[in-house]
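Coordinates as given in input_2.pdb (PDB, C-alpha atoms and all ligand atoms):
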```pdb
ATOM      1  CA  MET Q   1      31.215   6.683   7.308
ATOM      2  CA  THR Q   2      28.457   5.651   9.646
ATOM      3  CA  ARG Q   3      25.019   7.120   9.234
ATOM      4  CA  HIS Q   4      21.832   5.919  10.848
ATOM      5  CA  HIS Q   5      18.723   6.751   8.995
ATOM      6  CA  SER Q   6      15.700   5.085   7.495
ATOM      7  CA  LEU Q   7      15.499   3.070   4.309
ATOM      8  CA  HIS Q   8      13.533   5.873   2.736
ATOM      9  CA  SER Q   9      16.279   8.409   3.088
ATOM     10  CA  THR Q  10      17.021  10.270  -0.080
ATOM     11  CA  ASP Q  11      20.663  10.307   0.841
ATOM     12  CA  PRO Q  12      21.573   6.681   1.329
ATOM     13  CA  LEU Q  13      25.205   6.178   2.014
ATOM     14  CA  LEU Q  14      27.300   3.143   2.746
ATOM     15  CA  PHE Q  15      25.383   0.142   3.858
ATOM     16  CA  HIS Q  16      25.929  -0.224   7.534
ATOM     17  CA  LEU Q  17      24.640  -2.188  10.484
ATOM     18  CA  PRO Q  18      25.422  -0.610  13.834
ATOM     19  CA  PRO Q  19      27.303  -2.830  16.240
ATOM     20  CA  HIS Q  20      25.169  -5.111  18.280
ATOM     21  CA  PRO Q  21      24.172  -3.432  21.534
ATOM     22  CA  SER Q  22      26.208  -4.206  24.559
ATOM     23  CA  LEU Q  23      24.411  -5.815  27.443
ATOM     24  CA  SER Q  24      26.294  -3.436  29.701
ATOM     25  CA  ASN Q  25      24.009  -0.682  28.452
ATOM     26  CA  PRO Q  26      21.413  -0.317  31.253
ATOM     27  CA  LEU Q  27      18.751   0.898  28.815
ATOM     28  CA  PHE Q  28      19.162  -2.191  26.692
ATOM     29  CA  ALA Q  29      18.864  -4.378  29.749
ATOM     30  CA  ALA Q  30      15.703  -2.614  30.909
ATOM     31  CA  PRO Q  31      12.428  -4.513  30.550
ATOM     32  CA  ALA Q  32      10.384  -3.705  27.418
ATOM     33  CA  ALA Q  33       7.575  -2.129  29.447
ATOM     34  CA  GLU Q  34      10.021   0.211  31.141
ATOM     35  CA  LYS Q  35      11.509   1.231  27.797
ATOM     36  CA  LYS Q  36       8.039   1.928  26.457
ATOM     37  CA  ARG Q  37       7.236   4.027  29.542
ATOM     38  CA  LEU Q  38      10.433   6.018  29.103
ATOM     39  CA  ASN Q  39       9.626   6.352  25.401
ATOM     40  CA  VAL Q  40      13.192   5.583  24.377
ATOM     41  CA  ARG Q  41      14.587   3.673  21.489
ATOM     42  CA  THR Q  42      17.635   1.758  22.497
ATOM     43  CA  GLU Q  43      20.469   0.396  20.439
ATOM     44  CA  ALA Q  44      18.537  -2.856  20.318
ATOM     45  CA  VAL Q  45      16.832  -1.428  17.256
ATOM     46  CA  ARG Q  46      19.109  -2.078  14.347
ATOM     47  CA  GLU Q  47      18.845   0.389  11.546
ATOM     48  CA  VAL Q  48      19.752  -0.566   8.032
ATOM     49  CA  THR Q  49      21.119   2.082   5.764
ATOM     50  CA  GLY Q  50      21.620   1.813   2.051
ATOM     51  CA  SER Q  51      24.208   2.651  -0.490
ATOM     52  CA  LEU Q  52      23.307   3.328  -4.054
ATOM     53  CA  THR Q  53      26.974   3.287  -4.889
ATOM     54  CA  LYS Q  54      26.587  -0.476  -4.498
ATOM     55  CA  ALA Q  55      24.112  -0.466  -7.367
ATOM     56  CA  GLN Q  56      27.024  -0.258  -9.769
ATOM     57  CA  GLY Q  57      27.080  -3.409 -11.864
ATOM     58  CA  HIS Q  58      23.522  -4.298 -10.953
ATOM     59  CA  ARG Q  59      20.886  -4.537 -13.652
ATOM     60  CA  PHE Q  60      17.554  -2.783 -13.786
ATOM     61  CA  ALA Q  61      14.562  -2.892 -16.119
ATOM     62  CA  ILE Q  62      12.135  -0.031 -16.554
ATOM     63  CA  VAL Q  63       8.677  -1.031 -17.748
ATOM     64  CA  VAL Q  64       6.962   2.060 -19.083
ATOM     65  CA  ALA Q  65       3.450   2.536 -20.430
ATOM     66  CA  ARG Q  66       3.042   4.293 -23.763
ATOM     67  CA  PHE Q  67      -0.398   5.572 -22.720
ATOM     68  CA  ASN Q  68      -0.092   9.215 -21.602
ATOM     69  CA  GLU Q  69       3.459   9.240 -22.914
ATOM     70  CA  ILE Q  70       3.631  12.990 -22.360
ATOM     71  CA  VAL Q  71       3.779  12.056 -18.667
ATOM     72  CA  THR Q  72       5.468   8.656 -18.726
ATOM     73  CA  ARG Q  73       8.467   9.712 -20.822
ATOM     74  CA  PRO Q  74       9.615  12.407 -18.352
ATOM     75  CA  LEU Q  75       9.042   9.882 -15.550
ATOM     76  CA  MET Q  76      11.264   7.411 -17.380
ATOM     77  CA  ASN Q  77      13.893  10.099 -17.961
ATOM     78  CA  GLY Q  78      13.752  10.925 -14.245
ATOM     79  CA  ALA Q  79      14.504   7.285 -13.454
ATOM     80  CA  LEU Q  80      17.366   7.212 -15.969
ATOM     81  CA  ASP Q  81      18.820  10.445 -14.563
ATOM     82  CA  THR Q  82      18.787   8.984 -11.064
ATOM     83  CA  PHE Q  83      20.493   5.801 -12.179
ATOM     84  CA  ASP Q  84      23.037   7.926 -13.977
ATOM     85  CA  LYS Q  85      23.595   9.950 -10.816
ATOM     86  CA  TYR Q  86      24.359   6.803  -8.885
ATOM     87  CA  SER Q  87      26.678   5.424 -11.540
ATOM     88  CA  VAL Q  88      24.437   2.649 -12.823
ATOM     89  CA  ARG Q  89      25.783   1.976 -16.294
ATOM     90  CA  GLU Q  90      23.444   2.547 -19.238
ATOM     91  CA  GLU Q  91      24.178  -0.914 -20.579
ATOM     92  CA  ASP Q  92      22.806  -2.298 -17.313
ATOM     93  CA  ILE Q  93      19.383  -0.742 -17.895
ATOM     94  CA  ASP Q  94      16.703  -2.026 -20.265
ATOM     95  CA  VAL Q  95      13.593   0.002 -21.046
ATOM     96  CA  ILE Q  96      10.534  -1.992 -22.063
ATOM     97  CA  TRP Q  97       7.519  -0.178 -23.487
ATOM     98  CA  VAL Q  98       4.047  -1.606 -23.007
ATOM     99  CA  PRO Q  99       0.777  -0.203 -24.363
ATOM    100  CA  GLY Q 100      -0.783   0.934 -21.085
ATOM    101  CA  ALA Q 101      -0.591   0.702 -17.304
ATOM    102  CA  PHE Q 102      -2.815  -2.366 -17.401
ATOM    103  CA  GLU Q 103      -0.063  -4.322 -19.167
ATOM    104  CA  ILE Q 104       2.751  -3.317 -16.800
ATOM    105  CA  GLY Q 105       2.248  -6.177 -14.327
ATOM    106  CA  LEU Q 106       2.569  -8.882 -16.955
ATOM    107  CA  ALA Q 107       5.743  -7.377 -18.354
ATOM    108  CA  ALA Q 108       7.251  -6.808 -14.898
ATOM    109  CA  GLU Q 109       6.579 -10.367 -13.818
ATOM    110  CA  LYS Q 110       8.164 -11.858 -16.933
ATOM    111  CA  LEU Q 111      11.213  -9.645 -16.509
ATOM    112  CA  GLY Q 112      11.465 -10.403 -12.794
ATOM    113  CA  LYS Q 113      11.273 -14.140 -13.422
ATOM    114  CA  SER Q 114      13.976 -13.919 -16.083
ATOM    115  CA  GLY Q 115      16.456 -13.568 -13.222
ATOM    116  CA  LYS Q 116      18.372 -10.944 -15.140
ATOM    117  CA  TYR Q 117      17.473  -7.912 -13.077
ATOM    118  CA  ASN Q 118      17.979  -6.747  -9.527
ATOM    119  CA  ALA Q 119      14.826  -4.627  -9.620
ATOM    120  CA  ILE Q 120      12.076  -3.612 -12.037
ATOM    121  CA  ILE Q 121      10.790  -0.039 -12.126
ATOM    122  CA  CYS Q 122       7.191   0.221 -13.293
ATOM    123  CA  ILE Q 123       6.111   3.526 -14.794
ATOM    124  CA  GLY Q 124       2.696   4.631 -15.959
ATOM    125  CA  ALA Q 125       0.146   7.421 -15.682
ATOM    126  CA  VAL Q 126      -3.524   6.714 -15.100
ATOM    127  CA  LEU Q 127      -5.699   9.825 -15.280
ATOM    128  CA  LYS Q 128      -9.283  10.171 -14.118
ATOM    129  CA  HIS Q 129      -9.874  13.259 -16.234
ATOM    130  CA  PHE Q 130      -8.248  13.081 -19.617
ATOM    131  CA  MET Q 131      -7.711  15.517 -22.452
ATOM    132  CA  ASP Q 132     -10.263  15.350 -25.186
ATOM    133  CA  ARG Q 133     -10.317  17.280 -28.420
ATOM    134  CA  VAL Q 134     -13.352  19.277 -29.309
ATOM    135  CA  LEU Q 135     -13.663  20.246 -32.935
ATOM    136  CA  LEU Q 136     -15.753  23.283 -33.679
ATOM    137  CA  ASN Q 137     -16.736  24.173 -37.201
ATOM    138  CA  VAL Q 138     -17.481  27.819 -37.905
ATOM    139  CA  SER Q 139     -18.169  28.519 -41.558
ATOM    140  CA  ASN Q 140     -15.290  26.840 -43.336
ATOM    141  CA  LEU Q 141     -12.918  27.039 -40.395
ATOM    142  CA  THR Q 142     -12.352  24.210 -37.946
ATOM    143  CA  PHE Q 143     -11.231  25.121 -34.435
ATOM    144  CA  CYS Q 144      -9.689  22.535 -32.173
ATOM    145  CA  PHE Q 145      -9.929  22.865 -28.404
ATOM    146  CA  ALA Q 146      -8.334  20.646 -25.803
ATOM    147  CA  ASN Q 147     -10.905  19.852 -23.184
ATOM    148  CA  THR Q 148     -10.514  17.969 -19.933
ATOM    149  CA  VAL Q 149     -13.245  15.420 -19.460
ATOM    150  CA  ARG Q 150     -14.070  12.827 -16.855
ATOM    151  CA  GLY Q 151     -14.566   9.362 -18.307
ATOM    152  CA  ASP Q 152     -18.189   8.254 -18.199
ATOM    153  CA  THR Q 153     -17.337   4.821 -16.888
ATOM    154  CA  THR Q 154     -15.223   3.310 -14.108
ATOM    155  CA  HIS Q 155     -12.403   2.629 -16.570
ATOM    156  CA  TYR Q 156      -9.980   4.746 -14.523
ATOM    157  CA  ASP Q 157     -10.502   2.710 -11.347
ATOM    158  CA  ALA Q 158     -10.134  -0.572 -13.188
ATOM    159  CA  VAL Q 159      -6.866   0.435 -14.855
ATOM    160  CA  ALA Q 160      -5.420   2.088 -11.725
ATOM    161  CA  ASN Q 161      -6.272  -0.844  -9.452
ATOM    162  CA  SER Q 162      -5.127  -3.421 -11.977
ATOM    163  CA  ALA Q 163      -1.826  -1.628 -12.434
ATOM    164  CA  ALA Q 164      -1.256  -1.559  -8.684
ATOM    165  CA  SER Q 165      -2.170  -5.198  -8.078
ATOM    166  CA  GLY Q 166      -0.304  -6.251 -11.234
ATOM    167  CA  VAL Q 167       2.917  -4.654 -10.026
ATOM    168  CA  LEU Q 168       2.429  -6.081  -6.536
ATOM    169  CA  SER Q 169       1.849  -9.600  -7.917
ATOM    170  CA  ALA Q 170       4.855  -9.263 -10.194
ATOM    171  CA  GLY Q 171       7.082  -8.556  -7.219
ATOM    172  CA  LEU Q 172       5.575 -11.283  -5.052
ATOM    173  CA  ASN Q 173       5.593 -13.923  -7.792
ATOM    174  CA  SER Q 174       9.078 -13.191  -9.089
ATOM    175  CA  GLY Q 175      10.761 -12.344  -5.803
ATOM    176  CA  VAL Q 176      12.354  -9.349  -7.501
ATOM    177  CA  PRO Q 177      11.488  -5.852  -6.227
ATOM    178  CA  CYS Q 178       8.951  -4.308  -8.610
ATOM    179  CA  ILE Q 179       8.702  -0.622  -7.822
ATOM    180  CA  PHE Q 180       5.358   1.123  -8.227
ATOM    181  CA  GLY Q 181       6.043   4.259 -10.222
ATOM    182  CA  VAL Q 182       2.548   4.461 -11.690
ATOM    183  CA  LEU Q 183       0.826   7.805 -11.184
ATOM    184  CA  THR Q 184      -2.887   7.635 -10.427
ATOM    185  CA  CYS Q 185      -4.034  11.217 -10.861
ATOM    186  CA  GLU Q 186      -7.177  13.287 -11.060
ATOM    187  CA  ASP Q 187      -5.941  15.144 -14.113
ATOM    188  CA  MET Q 188      -3.030  16.027 -16.358
ATOM    189  CA  ASP Q 189      -2.014  18.937 -14.133
ATOM    190  CA  GLN Q 190      -1.447  16.633 -11.158
ATOM    191  CA  ALA Q 191       0.389  14.173 -13.381
ATOM    192  CA  LEU Q 192       2.784  16.687 -14.949
ATOM    193  CA  ASN Q 193       3.533  18.118 -11.510
ATOM    194  CA  ARG Q 194       4.744  14.661 -10.517
ATOM    195  CA  ALA Q 195       6.687  14.096 -13.716
ATOM    196  CA  GLY Q 196       9.322  16.773 -13.167
ATOM    197  CA  GLY Q 197       7.037  19.629 -12.107
ATOM    198  CA  LYS Q 198       6.212  21.160  -8.738
ATOM    199  CA  ALA Q 199       5.875  17.830  -6.954
ATOM    200  CA  GLY Q 200       9.180  16.402  -8.161
ATOM    201  CA  ASN Q 201       9.681  13.394 -10.361
ATOM    202  CA  LYS Q 202       8.140  10.129  -9.194
ATOM    203  CA  GLY Q 203      10.138   8.178 -11.786
ATOM    204  CA  SER Q 204      13.293   9.434 -10.174
ATOM    205  CA  GLU Q 205      11.979   8.423  -6.744
ATOM    206  CA  ALA Q 206      11.095   4.987  -8.087
ATOM    207  CA  ALA Q 207      14.666   4.482  -9.310
ATOM    208  CA  LEU Q 208      15.969   5.519  -5.910
ATOM    209  CA  THR Q 209      13.647   3.044  -4.229
ATOM    210  CA  ALA Q 210      14.833   0.344  -6.624
ATOM    211  CA  GLY Q 211      18.416   1.034  -5.653
ATOM    212  CA  VAL Q 212      17.656   0.841  -1.951
ATOM    213  CA  ASN Q 213      15.561  -2.298  -2.363
ATOM    214  CA  ASP Q 214      18.345  -3.765  -4.395
ATOM    215  CA  LEU Q 215      20.541  -3.582  -1.321
ATOM    216  CA  ASN Q 216      18.701  -6.584   0.061
ATOM    217  CA  PHE Q 217      20.898  -8.517  -2.302
ATOM    218  CA  VAL Q 218      23.939  -6.880  -0.789
ATOM    219  CA  LEU Q 219      22.923  -7.336   2.820
ATOM    220  CA  LYS Q 220      22.916 -11.116   2.914
ATOM    221  CA  PRO Q 221      26.577 -11.863   2.275
ATOM    222  CA  LYS Q 222      27.670  -9.064   4.570
ATOM    223  CA  LEU Q 223      25.749 -10.519   7.453
ATOM    224  CA  ILE Q 224      27.271 -13.954   7.246
ATOM    225  CA  LEU Q 225      30.640 -13.545   5.620
ATOM    226  CA  PRO Q 226      33.632 -11.353   6.257
ATOM    227  CA  PHE Q 227      33.639  -7.986   4.559
ATOM    228  CA  ILE Q 228      35.943  -8.976   1.738
ATOM    229  CA  CYS Q 229      33.836 -12.003   0.768
ATOM    230  CA  GLY Q 230      30.752  -9.841   0.944
ATOM    231  CA  ASN Q 231      32.226  -7.416  -1.499
ATOM    232  CA  LEU Q 232      33.176 -10.202  -3.865
ATOM    233  CA  LEU Q 233      29.658 -11.595  -3.795
ATOM    234  CA  GLU Q 234      28.219  -8.178  -4.328
ATOM    235  CA  SER Q 235      29.830  -7.818  -7.715
ATOM    236  CA  ASN Q 236      27.132  -9.959  -9.267
ATOM    237  CA  LEU Q 237      27.819 -10.830 -12.826
ATOM    238  CA  PHE Q 238      24.612 -10.896 -14.719
ATOM    239  CA  LEU Q 239      24.324 -12.189 -18.230
ATOM    240  CA  LEU Q 240      23.671  -9.608 -20.842
ATOM    241  CA  VAL Q 241      20.110  -9.670 -22.033
ATOM    242  CA  PHE Q 242      19.790 -10.357 -25.691
ATOM    243  CA  LEU Q 243      16.965  -8.281 -26.973
ATOM    244  CA  SER Q 244      15.594  -9.014 -30.368
ATOM    245  CA  SER Q 245      14.471  -5.536 -31.281
ATOM    246  CA  PHE Q 246      15.684  -2.489 -29.486
ATOM    247  CA  SER Q 247      16.420   1.052 -30.392
ATOM    248  CA  LEU Q 248      18.622   3.652 -28.772
ATOM    249  CA  SER Q 249      17.077   6.375 -26.666
ATOM    250  CA  GLU Q 250      18.646   9.799 -26.230
ATOM    251  CA  LYS Q 251      20.651   8.391 -23.338
ATOM    252  CA  GLY Q 252      21.862   5.297 -25.152
ATOM    253  CA  THR Q 253      19.805   2.973 -22.979
ATOM    254  CA  LYS Q 254      18.330   0.049 -24.835
ATOM    255  CA  GLU Q 255      14.631   0.433 -25.367
ATOM    256  CA  ARG Q 256      12.475  -2.400 -26.456
ATOM    257  CA  LYS Q 257       9.020  -2.063 -27.841
ATOM    258  CA  ILE Q 258       6.774  -4.975 -27.095
ATOM    259  CA  ASN Q 259       3.114  -5.652 -27.073
ATOM    260  CA  CYS Q 260       2.933  -8.083 -24.204
ATOM    261  CA  ARG Q 261       4.768 -10.779 -26.109
ATOM    262  CA  PHE Q 262       7.779 -12.111 -24.335
ATOM    263  CA  VAL Q 263      10.406 -14.640 -25.082
TER     264      VAL Q 263
HETATM  265  N1  LIG Q 301      -6.919   4.960 -19.328
HETATM  266  C1  LIG Q 301      -5.618   4.655 -19.195
HETATM  267  C2  LIG Q 301      -5.071   3.500 -19.765
HETATM  268  N2  LIG Q 301      -5.851   2.666 -20.459
HETATM  269  C3  LIG Q 301      -5.338   1.623 -21.302
HETATM  270  C4  LIG Q 301      -5.033   0.344 -20.523
HETATM  271  O1  LIG Q 301      -3.885   0.502 -19.737
HETATM  272  C5  LIG Q 301      -4.793  -0.815 -21.469
HETATM  273  O2  LIG Q 301      -3.671  -0.545 -22.271
HETATM  274  C6  LIG Q 301      -5.951  -1.134 -22.374
HETATM  275  O3  LIG Q 301      -7.117  -1.276 -21.620
HETATM  276  C7  LIG Q 301      -5.691  -2.432 -23.159
HETATM  277  O4  LIG Q 301      -5.499  -3.520 -22.276
HETATM  278  N3  LIG Q 301      -3.744   3.220 -19.613
HETATM  279  C8  LIG Q 301      -2.934   4.058 -18.909
HETATM  280  O5  LIG Q 301      -1.723   3.785 -18.787
HETATM  281  N4  LIG Q 301      -3.452   5.204 -18.363
HETATM  282  C9  LIG Q 301      -4.776   5.521 -18.477
HETATM  283  O6  LIG Q 301      -5.196   6.577 -17.959
HETATM  284  C1  LIG Q 302      -8.933   6.905 -21.421
HETATM  285  C2  LIG Q 302     -10.100   6.691 -20.594
HETATM  286  O1  LIG Q 302     -10.006   6.657 -19.405
HETATM  287  C3  LIG Q 302     -11.412   6.617 -21.292
HETATM  288  O2  LIG Q 302     -11.326   5.839 -22.429
HETATM  289  C4  LIG Q 302     -12.542   6.149 -20.438
HETATM  290  O3  LIG Q 302     -13.653   6.841 -20.842
HETATM  291  P1  LIG Q 302     -15.113   6.265 -20.615
HETATM  292  O4  LIG Q 302     -15.242   5.937 -19.178
HETATM  293  O5  LIG Q 302     -16.028   7.397 -21.023
HETATM  294  O6  LIG Q 302     -15.230   5.052 -21.482
END
```

Once you've parsed the file, please lay out its structure as structure tokens.
Ligand SMILES: Nc1c(NC[C@H](O)[C@H](O)[C@H](O)CO)[nH]c(=O)[nH]c1=O
Ligand SMILES: CC(=O)[C@@H](O)COP(=O)(O)O
Amino acid sequence: MTRHHSLHSTDPLLFHLPPHPSLSNPLFAAPAAEKKRLNVRTEAVREVTGSLTKAQGHRFAIVVARFNEIVTRPLMNGALDTFDKYSVREEDIDVIWVPGAFEIGLAAEKLGKSGKYNAIICIGAVLKHFMDRVLLNVSNLTFCFANTVRGDTTHYDAVANSAASGVLSAGLNSGVPCIFGVLTCEDMDQALNRAGGKAGNKGSEAALTAGVNDLNFVLKPKLILPFICGNLLESNLFLLVFLSSFSLSEKGTKERKINCRFV
């Protein structure tokens, strides 16, 4: 089936390049200035569409920050659900926990450079206003209130910016797509809304982006080799990752707890 739509479509279907435009098309032959004046987009623009069905057999790592786990765990589950939806096998996904968003970049870069993954999904939640507990003693009774407070310092900005540049560097340095699924929110309300609430699940979106990015690996052989060879090359066989200490999550995906120490 042929569909033309952008890379950011939420419904990516079979990877497809439209046929190269025919020179017999008068619009294609028209000078660029004329096309601009007419405000038309001709077939000269090639649109690339993606197929997450091609993600089968490809390997993904999810780096997830333990900090604000009440937010990051549903984000991670959103990513796992999306992979599941697109038939990525659980044994092809590794989940790596790091202490906070600040540590994500380091982990992502190491994983990217390992050459074992087609894409790394980075998940975290950095909150400007965080929940604080206020203990109130009345007579012999202690009351505990959850209070939202703004940090006194610029800690939020430092962590949020470091997480963003860390993930960017990880992708650039490793050459493996590192997807930015780190929430940078005003408060917990905003964060929970983006972790399966009113504003969707950004972890799920990150997994979708990873799948579409991953298609870069599929595109190359298809451009230069016949279809059948392309398909053969697409079934990349990646070595299983041997993880020293992992536990099983609810979904059976391997989770590994690390503290920024990598093999
Ligand atoms: N404030 C937040 C943090 N802070 C912790 C840092 O990420 C880091 O673990 C620590 O500074 C040690 O290097 N982490 C988050 O993920 N979210 C925050 O809101
Ligand atoms: C978790 C935080 O963001 C917090 O530790 C920062 O608070 P502060 O700026 O008052 O040190």

All residues having an atom within 12 Å of ligand LIG 301 (chain Q) (all atoms listed in the file) as a ChimeraX atom specification: /Q:63-73,97-106,122-131,150-164,166,181-188,191,259-260

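Of note, atom CA of Q:Asn193 and atom CA of Q:Phe143 are spaced 28.2 Å apart.
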
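Between Q:Thr209 and the residues Q:Ala79, Q:Leu136, Q:Cys144, Q:Val88, the shortest atom-to-atom distance, using only C-alpha atoms, involves Q:Ala79.
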
Selection under test: the PyMOL selection byres (((chain Q and resi 171-179) around 10) and not hetatm); residues as a ChimeraX atom specification: /Q:61-63,105,108-123,165-170,180-182,203,205-211,213-214,216

Could you take the residues named above and write them with C-alpha atoms, as a short mmCIF file (atom, residue, chain, number, x, y, z; two decimals), in the coordinates of the input?
```
data_model
loop_
_atom_site.label_atom_id
_atom_site.label_comp_id
_atom_site.auth_asym_id
_atom_site.auth_seq_id
_atom_site.Cartn_x
_atom_site.Cartn_y
_atom_site.Cartn_z
CA ALA Q 61 14.56 -2.89 -16.12
CA ILE Q 62 12.14 -0.03 -16.55
CA VAL Q 63 8.68 -1.03 -17.75
CA GLY Q 105 2.25 -6.18 -14.33
CA ALA Q 108 7.25 -6.81 -14.90
CA GLU Q 109 6.58 -10.37 -13.82
CA LYS Q 110 8.16 -11.86 -16.93
CA LEU Q 111 11.21 -9.64 -16.51
CA GLY Q 112 11.46 -10.40 -12.79
CA LYS Q 113 11.27 -14.14 -13.42
CA SER Q 114 13.98 -13.92 -16.08
CA GLY Q 115 16.46 -13.57 -13.22
CA LYS Q 116 18.37 -10.94 -15.14
CA TYR Q 117 17.47 -7.91 -13.08
CA ASN Q 118 17.98 -6.75 -9.53
CA ALA Q 119 14.83 -4.63 -9.62
CA ILE Q 120 12.08 -3.61 -12.04
CA ILE Q 121 10.79 -0.04 -12.13
CA CYS Q 122 7.19 0.22 -13.29
CA ILE Q 123 6.11 3.53 -14.79
CA SER Q 165 -2.17 -5.20 -8.08
CA GLY Q 166 -0.30 -6.25 -11.23
CA VAL Q 167 2.92 -4.65 -10.03
CA LEU Q 168 2.43 -6.08 -6.54
CA SER Q 169 1.85 -9.60 -7.92
CA ALA Q 170 4.86 -9.26 -10.19
CA PHE Q 180 5.36 1.12 -8.23
CA GLY Q 181 6.04 4.26 -10.22
CA VAL Q 182 2.55 4.46 -11.69
CA GLY Q 203 10.14 8.18 -11.79
CA GLU Q 205 11.98 8.42 -6.74
CA ALA Q 206 11.10 4.99 -8.09
CA ALA Q 207 14.67 4.48 -9.31
CA LEU Q 208 15.97 5.52 -5.91
CA THR Q 209 13.65 3.04 -4.23
CA ALA Q 210 14.83 0.34 -6.62
CA GLY Q 211 18.42 1.03 -5.65
CA ASN Q 213 15.56 -2.30 -2.36
CA ASP Q 214 18.34 -3.76 -4.39
CA ASN Q 216 18.70 -6.58 0.06
#
```

Top pick for closest residue to ligand LIG 302 (chain Q), considering Q:Asn137, Q:Gly78, Q:Thr142, Q:Asp132 and counting only C-alpha atoms and all ligand atoms: Q:Asp132

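Candidate residues Q:Gly197, Q:Ser87, Q:Thr148, Q:Asn140 were compared for distance to ligand LIG 302 (chain Q), and the nearest is Q:Thr148, using only C-alpha atoms and all ligand atoms.
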
Draw an axis-aligned box over all listed atoms of stretch 177-195 of chain Q, pad each side with 4 Å, and write its centre and edge lengths in Å, one decimal, as lines of an AutoDock Vina configuration file.
```
center_x = 2.2
center_y = 6.5
center_z = -11.3
size_x = 26.7
size_y = 32.8
size_z = 18.1
```

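Our summary of the geometry notes that atom CA of Q:Gly196 is positioned 25.1 Å from atom O2 of ligand LIG 302 (chain Q).
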
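Checking Q:Val149, Q:Arg133, Q:Thr82, Q:Val95 one by one against ligand LIG 302 (chain Q), counting only C-alpha atoms and all ligand atoms, you find the shortest gap at Q:Val149.
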
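Going from atom CA of Q:Lys85 over to atom CA of Q:Ser204, you cover 10.3 Å.
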